[in-house]
Amino acid sequence: MEVQYQIAIVGSGPAGLSAAARAAARDRENGLATPSYVLLEGFDNLSKTIYRYQKGKHVMAEPGYLRLRSDVGFAAGKREDILGIWDTAADDQSLHVQYGSEVTSVQGQKGAFELKLANGATVTAANVVLGIGTQGNPRRLGVTGEELPNIQYQLDDPGEYTNETIIVVGAGDSAIENALALAEQNQVYILNRKAEFARAKEGNLNAILAAANNDDVSLGCFYSSAIDNIVAGDDGGAGLRVTIATAEGEEVVEADRIIARLGSIPPRGFLEGCGMTMSHEGADALPVLSEHYESSVPGLYVVGALAGCPLIKQAMNQGYDVVEFANDNFVKPADHELIEFQFAGLPYDRDADELIGLFMSRIPMFRQLSVLAFREMVIESSLYVGLPDADSIEDAQLSLADVQQKIEGDETYAKAKPSVTKVIPKGHEFYTEGDFGVSFYTVLDGEVVLGSTNFAGGERRLGRGEFFGEMSLIAGQPRPETAVAGDNCIVLETPRRTILKLIASNEAVREGIDWVFIVRELQRHFAPAATVEELRPIADEIKQLSFKAGQRLWEPGDDSNSLHLIRSGTVLIFNEVEGKRKLIAEERAGEMVGFMAMYNQSSRTNVAEASVLTETLEITEEQYRRLMNFDMEQEDVVDARASRDLMKYSQWETRGESSQVLEFMLGDGLGEATNALIIDEYLCVGCDNCETACAETHDGISRLDRKSGSTMAHVHIPVSCRHCQQPHCMKDCPPNAIHRATNGEVFIDDSCIGCGNCQSNCPYDVIRMAPEAPAKPSLFSWLLFGAGSGPGEDRAAKGPEGQVKKARKCDACFDLPGGPACVSACPTGAAQRVSPSDFVRIIERDAL
Amino acid sequence: MSGNALQYAGGRYLWIAIGLLAASFGLYWLQEETTPPSGGTWQGLTLGIVAGLLIFWLNYLGVRKRRYGQGGSLKGWVSAHVYLGTALIGVSLFHSAGQLGWNIHSLFFWLMMAVIISGMIGMSVYLSLPRRLSAIRKTRSRAEILEELEGLELASLERAADCSESISMAVRTALEQTRVGGSVARQLLGRDRSSFEEMTSDGGIRRSNQDQQRLLRFLSEQATQTRDAKETTALRHLMSLTARRQDLLRRVRRDVQIQGWLQAWLYVHVPLSIAVLLALVVHIVVVFWYW
Ligand SMILES: Cc1cc2nc3c(=O)[nH]c(=O)nc-3n(C[C@H](O)[C@H](O)[C@H](O)COP(=O)(O)OP(=O)(O)OC[C@H]3O[C@@H](n4cnc5c(N)ncnc54)[C@H](O)[C@@H]3O)c2cc1C
Ligand code: HEM
Ligand code: SF4
Ligand code: SF4
């Protein structure tokens, strides 16, 4: 077969566009008259994803420390300007783009690929580069019956449907816009997983609320609801019987059509159809790639968002490199330099690529990773090298001076500095027992000493290939030990998001971390003296269970031949008397529940329920006995803990109303909070000095909304960050801009690109997307001359047009020496910050 | 959940204020031995300086309140402010030895007393009203109540459409002419100037509809007269909707009123405080001028 092109590039996003420009540049260098490549784009414009950004959006160029390597330009700026630059570049370089060419399948092998287009045409090419992003593939409903007809994920023309009953699923802008348009001629129900529409744009929000309240518009809302299952309607026609789980119970709606707008995930079907191997079974799996972006099908390459790189600059660099790779020119990737910086201070005489190979072969867990994933992990991490004394540290710092100078002198790094080897003395503390932290550490070499009074002998030594910090990562609890640099240690500190991404995409990494977590929990609770080897058989047997919010671990009368160690989340224990719940305990990650009944061999008398998504390790009585055999004296320790818990439970049983208040607080997010703001309504005079103080100390934008939120008895929980044990907001922040300070405060730094992911991930709607507030006159010119709007947020003020809307939320004033400004500014003491250990005290005071 | 400003740190500033009063009395009493007490002795002068500094410090609260992010606790400052501000009565009386007459100095004293009394009113308002507010709102925010009201209004309009023109006009105008808030005085007094229009042969006449009472009565009168089944149901619904609106409106009005009082006193307290500060300067100048 004679192939038309050397390379066919699919998708003209930043990745595909940059690849095409590189191919064009090579053609010019080689003096070719006809293009050796084609850029196939399904849309009628370049770069659909960016084209679809809201008008005037400020596009950011994160990560700041990454050099752009592309034949087309890109720098932070307005959406329109960037699209303009790309259009001009495509013209100037006469890029060979075919619009309206959606690729539906890729078949064949290296040297002879055949691409089928939706318009019936066929394109043949020797190599294929896929840069199709993830935006084109909608997230499915994921319920039984989703394969039935008339369930769709897109709405092109709302006018097409009349007099139908349509359920629109989703709470974002696209769902709302669809629902409103359809409601003109149909009966529409919109289904929102949450209790409010908070993710939507202001305009859409008002429109949907007005429509829902207006009886003339046939639109109804289901809040806090989700589809449970769908079956075909009775009449045998196209009708659907949809069972909806609402907060009040199940409800069945007969509908003609379901339109789900739930965001997007990688197009697995398409990729597997091309013959690619995927990283795991989950719906959000990405293709497995070599370090040269080649998939399991030789000659078929994947770059950009679909290669797991969530940012434009990375996508563009990959587009450039992939074309070089496909031409067998194995250039060092643009981020190679970053790895060199990272490794600069290592005491080995090897180049960066060799070191990557070395670490990957030495450390069992990393052996499972792709080179690509490991490189990314290294770049996003910090690398520590421990040295024995002050002299050697000085020497090392001198030798790093060159690197530092190179970075200083380079304008790419003017704003954001790449990470360079960090030299530390032996004895350096990575963290201290009780600190909050979310990063994860791997010992690449040498020794690290973990110290805690919980350990037999007070300490535990880790060597090459072992890791630590998994407890805080998994359970969201403060560090259970102090970690100190031992002899010749080399340690990699990896941020939470990076490691979670690895866990999600790599079975071996997940299992490795899980396993160590279990062993350490067993040591901590039951057998401090037992070695890892001794615990291995038991650890392998232990069952890991997962409970959704509201799901029960047990009910009265259940058998009680096991106890649960809470791995993450929170468990509520209550008595149920005539359908009324009476809370008797709240236990968090790291605690143990169900011990007494197991011990006494009685059946369960109370209910245990997960208050948020909770994972537990179930330990059977037989396993418990075996654990106790390591050290009989440990039984006393466990007993003492259990009787302390029992005492707590029985005290709580006597508190009627307070247990209701406690349950309300836990239910409203305080159950997974580490530090939350509550307001005592009996003291609050509504002066809003708390909000004013917040705005004054946070760039003029208040991060708390006092009036909103929920109330029970006189405890008001305003809309403000709870600093969750496991911050949902951190989950998929492309530039890794969300961090956790040592006391648990979750905060967002300046590298936020304004994508809004965190806002939709936060279940408590506390994140606001807001542009920077304009500067204000001083307090005295306001006091004396009435200049400006006075202290506090000026909600009427408008920043300059098209400014970046960044995510803003409470940071618990972690960088202010005086602590939270809202609390210290409250004249009546109504505003208080509470942590879980305070709940009981607070409610207690009331009871007395 | 936690104590109020008066209970701050176990009443620490109460004891400090008592100590201050005792010391002031001591100084005052010392004078009796030698000369008749007055502001002119060294003891009197010392007391005067203390009182003057206190006034400066009490005013400084206005600045401290706006120094955000400095830590500490404004509640503690308010606690100290309240106790020491009250103690100022004693200190100044000991300073002047109770010599009050018809002069500029006494004017200053009474001005100061006005501030102090307004402060006491404010403090009692702070202590008592938030509980009432909490009870009125019944765990809802004002915005939520207003939203609910809006819903009731829409429903009322819809029901009114099923009724005769005179009823629907009354309901429509009652909704349009429902007043919440208004001028400061009206907010603070919780006055309701709502009205509605009743149809007459030559158009309509405006009737007062305080607390929606008149509308309710009008609707109930209509209900006894109509023979139309559809209208009867509609009227029944309208009455229940109006009764619910009445309840919510009462809550909103009380809410506005209480919120108003929680702030209004400061509009007396603060300007008078500044006046006291100016009067203090005049007092000092005059005293030393005529020494
Ligand atoms: C709201 C939002 C804001 C963001 N803000 C920023 C930011 O400020 N800075 C930043 O760096 N990143 C940002 N991102 C991320 C950034 O948009 C992506 O990382 C980037 O677009 C990925 O580029 P890509 O080339 O891999 O894929 P895409 O840009 O998604 O491009 C894929 C292209 O392929 C086409 N295509 C898809 N399927 C086919 C097919 N079968 N046949 C033919 N063509 C096809 C599409 O039409 C599209 O043009 C943001 C993302 C979102 C959603
Ligand atoms: C001469 C005596 C006093 C002076 C000059 C004075 C001055 C002030 C000033 C300047 C403020 C700041 C208000 C603001 O900026 O918002 C204030 C607030 C206040 N004062 Fe006084 N005051 C005096 C006495 C008192 C007394 C005797 C009491 C109570 C018994 C009192 C109770 C209060 C209270 C409760 C506040 C409100 C705090 C707040 O809401 O932030 N004051 N006072
Ligand atoms: S922003 Fe939301 S998800 Fe993140 S820590 Fe705060 S409350 Fe939790
Ligand atoms: S500062 Fe205190 S009293 Fe004022 S509104 Fe906030 S919580 Fe209420």
# chains A, B, ... in the order shown; residues from 1 in each chain; ligands from 1
>>> residues_around(residues="Gly790 of chain A", least_positions_apart="4", cutoff="10 Å", atoms="only C-alpha atoms", output="JSON, numbers by chain")
{"A": [692, 776, 777, 778, 779, 780, 781, 782, 783, 786, 794], "B": [66]}
>>> write_last_selection(atoms="all heavy atoms", output="JSON list (two decimals), in the first residue's frame")
[["chain", "number", "residue", "atom", "x", "y", "z"],
["A", 692, "THR", "N", -15.47, 41.24, 56.80],
["A", 692, "THR", "CA", -14.61, 42.39, 56.48],
["A", 692, "THR", "C", -13.16, 42.05, 56.76],
["A", 692, "THR", "O", -12.27, 42.30, 55.96],
["A", 692, "THR", "CB", -15.03, 43.61, 57.32],
["A", 692, "THR", "OG1", -16.42, 43.76, 57.19],
["A", 692, "THR", "CG2", -14.32, 44.85, 56.86],
["A", 776, "LYS", "N", -7.35, 49.58, 47.32],
["A", 776, "LYS", "CA", -8.23, 50.51, 48.04],
["A", 776, "LYS", "C", -7.44, 51.61, 48.70],
["A", 776, "LYS", "O", -6.29, 51.42, 49.05],
["A", 776, "LYS", "CB", -8.92, 49.72, 49.14],
["A", 776, "LYS", "CG", -9.98, 48.84, 48.64],
["A", 776, "LYS", "CD", -10.94, 48.64, 49.72],
["A", 776, "LYS", "CE", -12.13, 47.91, 49.18],
["A", 776, "LYS", "NZ", -12.98, 47.52, 50.26],
["A", 777, "PRO", "N", -8.11, 52.75, 48.96],
["A", 777, "PRO", "CA", -7.43, 53.80, 49.72],
["A", 777, "PRO", "C", -7.21, 53.35, 51.17],
["A", 777, "PRO", "O", -7.84, 52.39, 51.62],
["A", 777, "PRO", "CB", -8.40, 54.97, 49.66],
["A", 777, "PRO", "CG", -9.71, 54.41, 49.22],
["A", 777, "PRO", "CD", -9.45, 53.13, 48.53],
["A", 778, "SER", "N", -6.35, 54.02, 51.89],
["A", 778, "SER", "CA", -6.02, 53.59, 53.25],
["A", 778, "SER", "C", -7.18, 53.81, 54.21],
["A", 778, "SER", "O", -8.12, 54.57, 53.90],
["A", 778, "SER", "CB", -4.81, 54.36, 53.75],
["A", 778, "SER", "OG", -5.21, 55.68, 54.04],
["A", 779, "LEU", "N", -7.10, 53.16, 55.36],
["A", 779, "LEU", "CA", -8.16, 53.27, 56.37],
["A", 779, "LEU", "C", -8.40, 54.73, 56.75],
["A", 779, "LEU", "O", -9.53, 55.17, 56.88],
["A", 779, "LEU", "CB", -7.75, 52.46, 57.60],
["A", 779, "LEU", "CG", -8.68, 52.52, 58.80],
["A", 779, "LEU", "CD1", -10.05, 52.00, 58.45],
["A", 779, "LEU", "CD2", -8.11, 51.74, 59.97],
["A", 780, "PHE", "N", -7.30, 55.48, 56.88],
["A", 780, "PHE", "CA", -7.48, 56.85, 57.36],
["A", 780, "PHE", "C", -8.11, 57.76, 56.32],
["A", 780, "PHE", "O", -8.93, 58.60, 56.65],
["A", 780, "PHE", "CB", -6.17, 57.41, 57.91],
["A", 780, "PHE", "CG", -5.98, 56.97, 59.33],
["A", 780, "PHE", "CD1", -5.26, 55.81, 59.62],
["A", 780, "PHE", "CD2", -6.61, 57.65, 60.36],
["A", 780, "PHE", "CE1", -5.15, 55.37, 60.92],
["A", 780, "PHE", "CE2", -6.50, 57.21, 61.67],
["A", 780, "PHE", "CZ", -5.75, 56.07, 61.95],
["A", 781, "SER", "N", -7.77, 57.54, 55.02],
["A", 781, "SER", "CA", -8.42, 58.41, 54.05],
["A", 781, "SER", "C", -9.90, 58.08, 53.94],
["A", 781, "SER", "O", -10.72, 58.93, 53.62],
["A", 781, "SER", "CB", -7.73, 58.39, 52.69],
["A", 781, "SER", "OG", -7.35, 57.10, 52.36],
["A", 782, "TRP", "N", -10.25, 56.81, 54.27],
["A", 782, "TRP", "CA", -11.68, 56.48, 54.28],
["A", 782, "TRP", "C", -12.34, 57.10, 55.50],
["A", 782, "TRP", "O", -13.38, 57.75, 55.42],
["A", 782, "TRP", "CB", -11.86, 54.96, 54.30],
["A", 782, "TRP", "CG", -13.27, 54.55, 54.60],
["A", 782, "TRP", "CD1", -14.35, 54.65, 53.77],
["A", 782, "TRP", "CD2", -13.75, 54.00, 55.82],
["A", 782, "TRP", "NE1", -15.47, 54.19, 54.39],
["A", 782, "TRP", "CE2", -15.15, 53.78, 55.66],
["A", 782, "TRP", "CE3", -13.17, 53.65, 57.04],
["A", 782, "TRP", "CZ2", -15.94, 53.25, 56.67],
["A", 782, "TRP", "CZ3", -13.96, 53.11, 58.03],
["A", 782, "TRP", "CH2", -15.33, 52.92, 57.86],
["A", 783, "LEU", "N", -11.70, 56.94, 56.68],
["A", 783, "LEU", "CA", -12.26, 57.46, 57.92],
["A", 783, "LEU", "C", -12.43, 58.97, 57.84],
["A", 783, "LEU", "O", -13.46, 59.53, 58.21],
["A", 783, "LEU", "CB", -11.34, 57.13, 59.09],
["A", 783, "LEU", "CG", -11.55, 55.81, 59.81],
["A", 783, "LEU", "CD1", -10.53, 55.62, 60.91],
["A", 783, "LEU", "CD2", -12.96, 55.74, 60.39],
["A", 786, "GLY", "N", -13.72, 59.85, 53.60],
["A", 786, "GLY", "CA", -14.75, 59.04, 52.95],
["A", 786, "GLY", "C", -14.31, 58.51, 51.59],
["A", 786, "GLY", "O", -15.13, 58.27, 50.72],
["A", 794, "ASP", "N", -15.45, 44.97, 48.43],
["A", 794, "ASP", "CA", -16.31, 45.87, 47.70],
["A", 794, "ASP", "C", -16.96, 45.06, 46.60],
["A", 794, "ASP", "O", -16.39, 44.85, 45.53],
["A", 794, "ASP", "CB", -15.43, 46.98, 47.11],
["A", 794, "ASP", "CG", -16.27, 48.02, 46.39],
["A", 794, "ASP", "OD1", -17.50, 47.83, 46.34],
["A", 794, "ASP", "OD2", -15.71, 48.99, 45.88],
["B", 66, "ARG", "N", -10.56, 47.90, 63.34],
["B", 66, "ARG", "CA", -10.28, 47.81, 61.89],
["B", 66, "ARG", "C", -8.84, 47.44, 61.58],
["B", 66, "ARG", "O", -8.42, 47.51, 60.45],
["B", 66, "ARG", "CB", -10.68, 49.13, 61.22],
["B", 66, "ARG", "CG", -12.18, 49.30, 61.26],
["B", 66, "ARG", "CD", -12.69, 50.62, 60.83],
["B", 66, "ARG", "NE", -14.13, 50.66, 61.01],
["B", 66, "ARG", "CZ", -14.75, 50.93, 62.15],
["B", 66, "ARG", "NH1", -14.04, 51.23, 63.24],
["B", 66, "ARG", "NH2", -16.07, 50.90, 62.24]]
>>> closest_atom_pairs(of="chain A", to="ligand 4", cutoff="7 Å", atoms="only C-alpha atoms and all ligand atoms", output="JSON lines")
{"residue": "A:Ile679", "atom": "CA", "partner": "ligand 4", "partner_atom_place_in_ligand_line": "7 (S)", "distance": 5.5}
{"residue": "A:Leu683", "atom": "CA", "partner": "ligand 4", "partner_atom_place_in_ligand_line": "3 (S)", "distance": 6.4}
{"residue": "A:Cys684", "atom": "CA", "partner": "ligand 4", "partner_atom_place_in_ligand_line": "8 (Fe)", "distance": 3.6}
{"residue": "A:Val685", "atom": "CA", "partner": "ligand 4", "partner_atom_place_in_ligand_line": "3 (S)", "distance": 4.4}
{"residue": "A:Gly686", "atom": "CA", "partner": "ligand 4", "partner_atom_place_in_ligand_line": "5 (S)", "distance": 3.8}
{"residue": "A:Cys687", "atom": "CA", "partner": "ligand 4", "partner_atom_place_in_ligand_line": "4 (Fe)", "distance": 4.0}
{"residue": "A:Asp688", "atom": "CA", "partner": "ligand 4", "partner_atom_place_in_ligand_line": "5 (S)", "distance": 3.7}
{"residue": "A:Asn689", "atom": "CA", "partner": "ligand 4", "partner_atom_place_in_ligand_line": "1 (S)", "distance": 4.2}
{"residue": "A:Cys690", "atom": "CA", "partner": "ligand 4", "partner_atom_place_in_ligand_line": "1 (S)", "distance": 3.9}
{"residue": "A:Glu691", "atom": "CA", "partner": "ligand 4", "partner_atom_place_in_ligand_line": "6 (Fe)", "distance": 6.6}
{"residue": "A:Arg706", "atom": "CA", "partner": "ligand 4", "partner_atom_place_in_ligand_line": "6 (Fe)", "distance": 6.9}
{"residue": "A:Cys822", "atom": "CA", "partner": "ligand 4", "partner_atom_place_in_ligand_line": "1 (S)", "distance": 6.6}
{"residue": "A:Ala825", "atom": "CA", "partner": "ligand 4", "partner_atom_place_in_ligand_line": "1 (S)", "distance": 6.0}
{"residue": "A:Cys826", "atom": "CA", "partner": "ligand 4", "partner_atom_place_in_ligand_line": "1 (S)", "distance": 3.5}
{"residue": "A:Pro827", "atom": "CA", "partner": "ligand 4", "partner_atom_place_in_ligand_line": "2 (Fe)", "distance": 5.8}
{"residue": "A:Thr828", "atom": "CA", "partner": "ligand 4", "partner_atom_place_in_ligand_line": "3 (S)", "distance": 5.3}
{"residue": "A:Gly829", "atom": "CA", "partner": "ligand 4", "partner_atom_place_in_ligand_line": "2 (Fe)", "distance": 6.0}
{"residue": "A:Ala830", "atom": "CA", "partner": "ligand 4", "partner_atom_place_in_ligand_line": "7 (S)", "distance": 4.7}
{"residue": "A:Ala831", "atom": "CA", "partner": "ligand 4", "partner_atom_place_in_ligand_line": "7 (S)", "distance": 4.2}
>>> write_last_selection(atoms="all heavy atoms", output="CSV table (one decimal), in the first residue's frame")
chain,number,residue,atom,x,y,z
A,679,ILE,N,-20.5,29.7,63.9
A,679,ILE,CA,-20.9,31.0,64.5
A,679,ILE,C,-22.0,30.7,65.5
A,679,ILE,O,-23.0,30.0,65.2
A,679,ILE,CB,-21.4,32.0,63.5
A,679,ILE,CG1,-20.2,32.4,62.6
A,679,ILE,CG2,-22.1,33.2,64.1
A,679,ILE,CD1,-20.5,33.4,61.6
A,683,LEU,N,-24.7,34.9,70.0
A,683,LEU,CA,-23.8,36.0,70.2
A,683,LEU,C,-23.7,36.9,69.0
A,683,LEU,O,-23.3,38.0,69.2
A,683,LEU,CB,-22.4,35.4,70.6
A,683,LEU,CG,-22.3,34.7,72.0
A,683,LEU,CD1,-20.9,34.2,72.2
A,683,LEU,CD2,-22.7,35.7,73.1
A,684,CYS,N,-23.9,36.3,67.9
A,684,CYS,CA,-23.7,37.1,66.6
A,684,CYS,C,-24.6,38.3,66.5
A,684,CYS,O,-25.8,38.1,66.6
A,684,CYS,CB,-23.8,36.2,65.4
A,684,CYS,SG,-23.6,37.1,63.9
A,685,VAL,N,-24.0,39.5,66.3
A,685,VAL,CA,-24.8,40.7,66.2
A,685,VAL,C,-24.9,41.1,64.7
A,685,VAL,O,-25.5,42.1,64.4
A,685,VAL,CB,-24.3,41.8,67.0
A,685,VAL,CG1,-24.4,41.5,68.5
A,685,VAL,CG2,-22.9,42.2,66.6
A,686,GLY,N,-24.4,40.2,63.8
A,686,GLY,CA,-24.6,40.5,62.4
A,686,GLY,C,-23.8,41.7,61.9
A,686,GLY,O,-24.1,42.3,60.9
A,687,CYS,N,-22.6,42.0,62.5
A,687,CYS,CA,-21.9,43.2,62.1
A,687,CYS,C,-21.0,43.0,60.9
A,687,CYS,O,-20.6,43.9,60.3
A,687,CYS,CB,-21.0,43.7,63.3
A,687,CYS,SG,-19.7,42.5,63.7
A,688,ASP,N,-20.9,41.7,60.6
A,688,ASP,CA,-20.1,41.3,59.4
A,688,ASP,C,-18.6,41.7,59.5
A,688,ASP,O,-17.9,41.8,58.5
A,688,ASP,CB,-20.7,41.8,58.1
A,688,ASP,CG,-21.7,40.9,57.6
A,688,ASP,OD1,-21.7,39.7,57.9
A,688,ASP,OD2,-22.6,41.3,56.8
A,689,ASN,N,-18.2,42.0,60.7
A,689,ASN,CA,-16.7,42.3,60.9
A,689,ASN,C,-15.9,41.1,60.5
A,689,ASN,O,-14.7,41.3,60.1
A,689,ASN,CB,-16.5,42.8,62.3
A,689,ASN,CG,-15.4,43.8,62.4
A,689,ASN,OD1,-15.2,44.6,61.4
A,689,ASN,ND2,-14.6,43.8,63.4
A,690,CYS,N,-16.4,39.9,60.7
A,690,CYS,CA,-15.7,38.7,60.3
A,690,CYS,C,-15.4,38.7,58.8
A,690,CYS,O,-14.2,38.5,58.4
A,690,CYS,CB,-16.4,37.5,60.7
A,690,CYS,SG,-18.2,37.4,60.4
A,691,GLU,N,-16.4,39.0,58.0
A,691,GLU,CA,-16.2,39.0,56.6
A,691,GLU,C,-15.3,40.1,56.2
A,691,GLU,O,-14.4,39.9,55.3
A,691,GLU,CB,-17.5,39.1,55.8
A,691,GLU,CG,-18.3,37.9,55.7
A,691,GLU,CD,-19.4,38.0,54.7
A,691,GLU,OE1,-19.4,38.8,53.7
A,691,GLU,OE2,-20.4,37.3,54.9
A,706,ARG,N,-21.0,34.6,55.6
A,706,ARG,CA,-21.6,34.4,56.9
A,706,ARG,C,-23.1,34.1,56.8
A,706,ARG,O,-23.6,33.2,57.5
A,706,ARG,CB,-21.4,35.6,57.8
A,706,ARG,CG,-22.1,35.5,59.2
A,706,ARG,CD,-22.0,36.7,60.0
A,706,ARG,NE,-22.6,37.9,59.4
A,706,ARG,CZ,-23.9,38.1,59.5
A,706,ARG,NH1,-24.7,37.3,60.2
A,706,ARG,NH2,-24.5,39.2,58.9
A,822,CYS,N,-11.0,36.3,61.0
A,822,CYS,CA,-12.5,36.3,61.3
A,822,CYS,C,-12.7,36.2,62.8
A,822,CYS,O,-13.6,36.9,63.3
A,822,CYS,CB,-13.2,35.2,60.5
A,822,CYS,SG,-12.5,33.6,60.7
A,825,ALA,N,-11.4,39.2,64.9
A,825,ALA,CA,-12.1,40.4,64.6
A,825,ALA,C,-13.6,40.4,65.1
A,825,ALA,O,-14.3,41.4,65.0
A,825,ALA,CB,-12.1,40.8,63.1
A,826,CYS,N,-14.0,39.3,65.6
A,826,CYS,CA,-15.4,39.3,66.1
A,826,CYS,C,-15.6,39.9,67.4
A,826,CYS,O,-14.9,39.5,68.4
A,826,CYS,CB,-15.9,37.8,66.1
A,826,CYS,SG,-17.5,37.6,66.8
A,827,PRO,N,-16.4,41.0,67.5
A,827,PRO,CA,-16.4,41.7,68.8
A,827,PRO,C,-17.1,40.9,69.9
A,827,PRO,O,-17.0,41.3,71.1
A,827,PRO,CB,-17.2,43.0,68.4
A,827,PRO,CG,-18.0,42.7,67.2
A,827,PRO,CD,-17.2,41.6,66.5
A,828,THR,N,-17.9,39.9,69.5
A,828,THR,CA,-18.7,39.3,70.5
A,828,THR,C,-18.3,37.8,70.8
A,828,THR,O,-18.8,37.2,71.7
A,828,THR,CB,-20.2,39.2,70.1
A,828,THR,OG1,-20.2,38.4,68.9
A,828,THR,CG2,-20.7,40.6,69.7
A,829,GLY,N,-17.3,37.3,70.1
A,829,GLY,CA,-16.9,36.0,70.3
A,829,GLY,C,-17.8,35.0,69.7
A,829,GLY,O,-17.7,33.8,69.9
A,830,ALA,N,-18.7,35.4,68.8
A,830,ALA,CA,-19.6,34.5,68.1
A,830,ALA,C,-18.9,33.6,67.1
A,830,ALA,O,-19.2,32.4,67.0
A,830,ALA,CB,-20.7,35.2,67.4
A,831,ALA,N,-17.9,34.2,66.4
A,831,ALA,CA,-17.2,33.4,65.4
A,831,ALA,C,-16.1,32.6,66.1
A,831,ALA,O,-15.3,33.1,66.8
A,831,ALA,CB,-16.6,34.4,64.4
>>> closest_residue(among="B:Met113, B:Leu216, B:Ala170, B:Leu74", to="chain A", atoms="only C-alpha atoms")
B:Leu74
>>> interface_residues(of="chain A", to="chain B", cutoff="9 Å", atoms="only C-alpha atoms", output="PyMOL selection string")
chain A and resi 213-215+680-687+689+692-694+696-697+707-716+779+791+813+816-830+832+841-846
>>> residues_near_ligand(ligand="ligand 3", cutoff="10 Å", atoms="only C-alpha atoms and all ligand atoms", output="number ranges by chain")
A: 669-670, 672-676, 719-731, 738-740, 744-748, 758-768, 807-811
>>> residues_near_ligand(ligand="ligand 1", cutoff="7 Å", atoms="only C-alpha atoms and all ligand atoms", output="MDAnalysis selection string")
chainID A and resid 10:16 40:43 46:50 53 58:62 101:104 131:136 303:306 309:313 315 753:756
>>> residues_near_ligand(ligand="ligand 2", cutoff="8 Å", atoms="only C-alpha atoms and all ligand atoms", output="PyMOL selection string")
(chain A and resi 687+826-828) or (chain B and resi 54-63+65-66+74+78+81-88+112-113+115-123+126+266+269-270+272-274+276-277)
>>> atom_distance(atom1="atom CA of Lys806 of chain A", atom2="atom CA of Gly64 of chain A")
16.1 Å
>>> residues_around(residues="segment 183-198 of chain B", least_positions_apart="5", cutoff="7 Å", atoms="only C-alpha atoms", output="list in words")
Ser166, Ala170, Thr173, Ala174, Gln177, Thr178, Gly204, Ile205, Arg206, Arg207, Ser208, Asn209, Gln210, Asp211, Arg253, Arg254, Val256, Gln257, Gly260 and Trp261 of chain B
>>> atom_distance(atom1="atom CA of Ala773 of chain A", atom2="atom CA of Cys752 of chain A")
16.2 Å
>>> atom_distance(atom1="atom CA of Glu555 of chain A", atom2="atom CA of Ser658 of chain A")
22.8 Å
>>> select_by_dssp(residues="segment 191-269 of chain B", states="helix (DSSP H, G or I)", output="ChimeraX atom specification")
/B:210-225,229-269
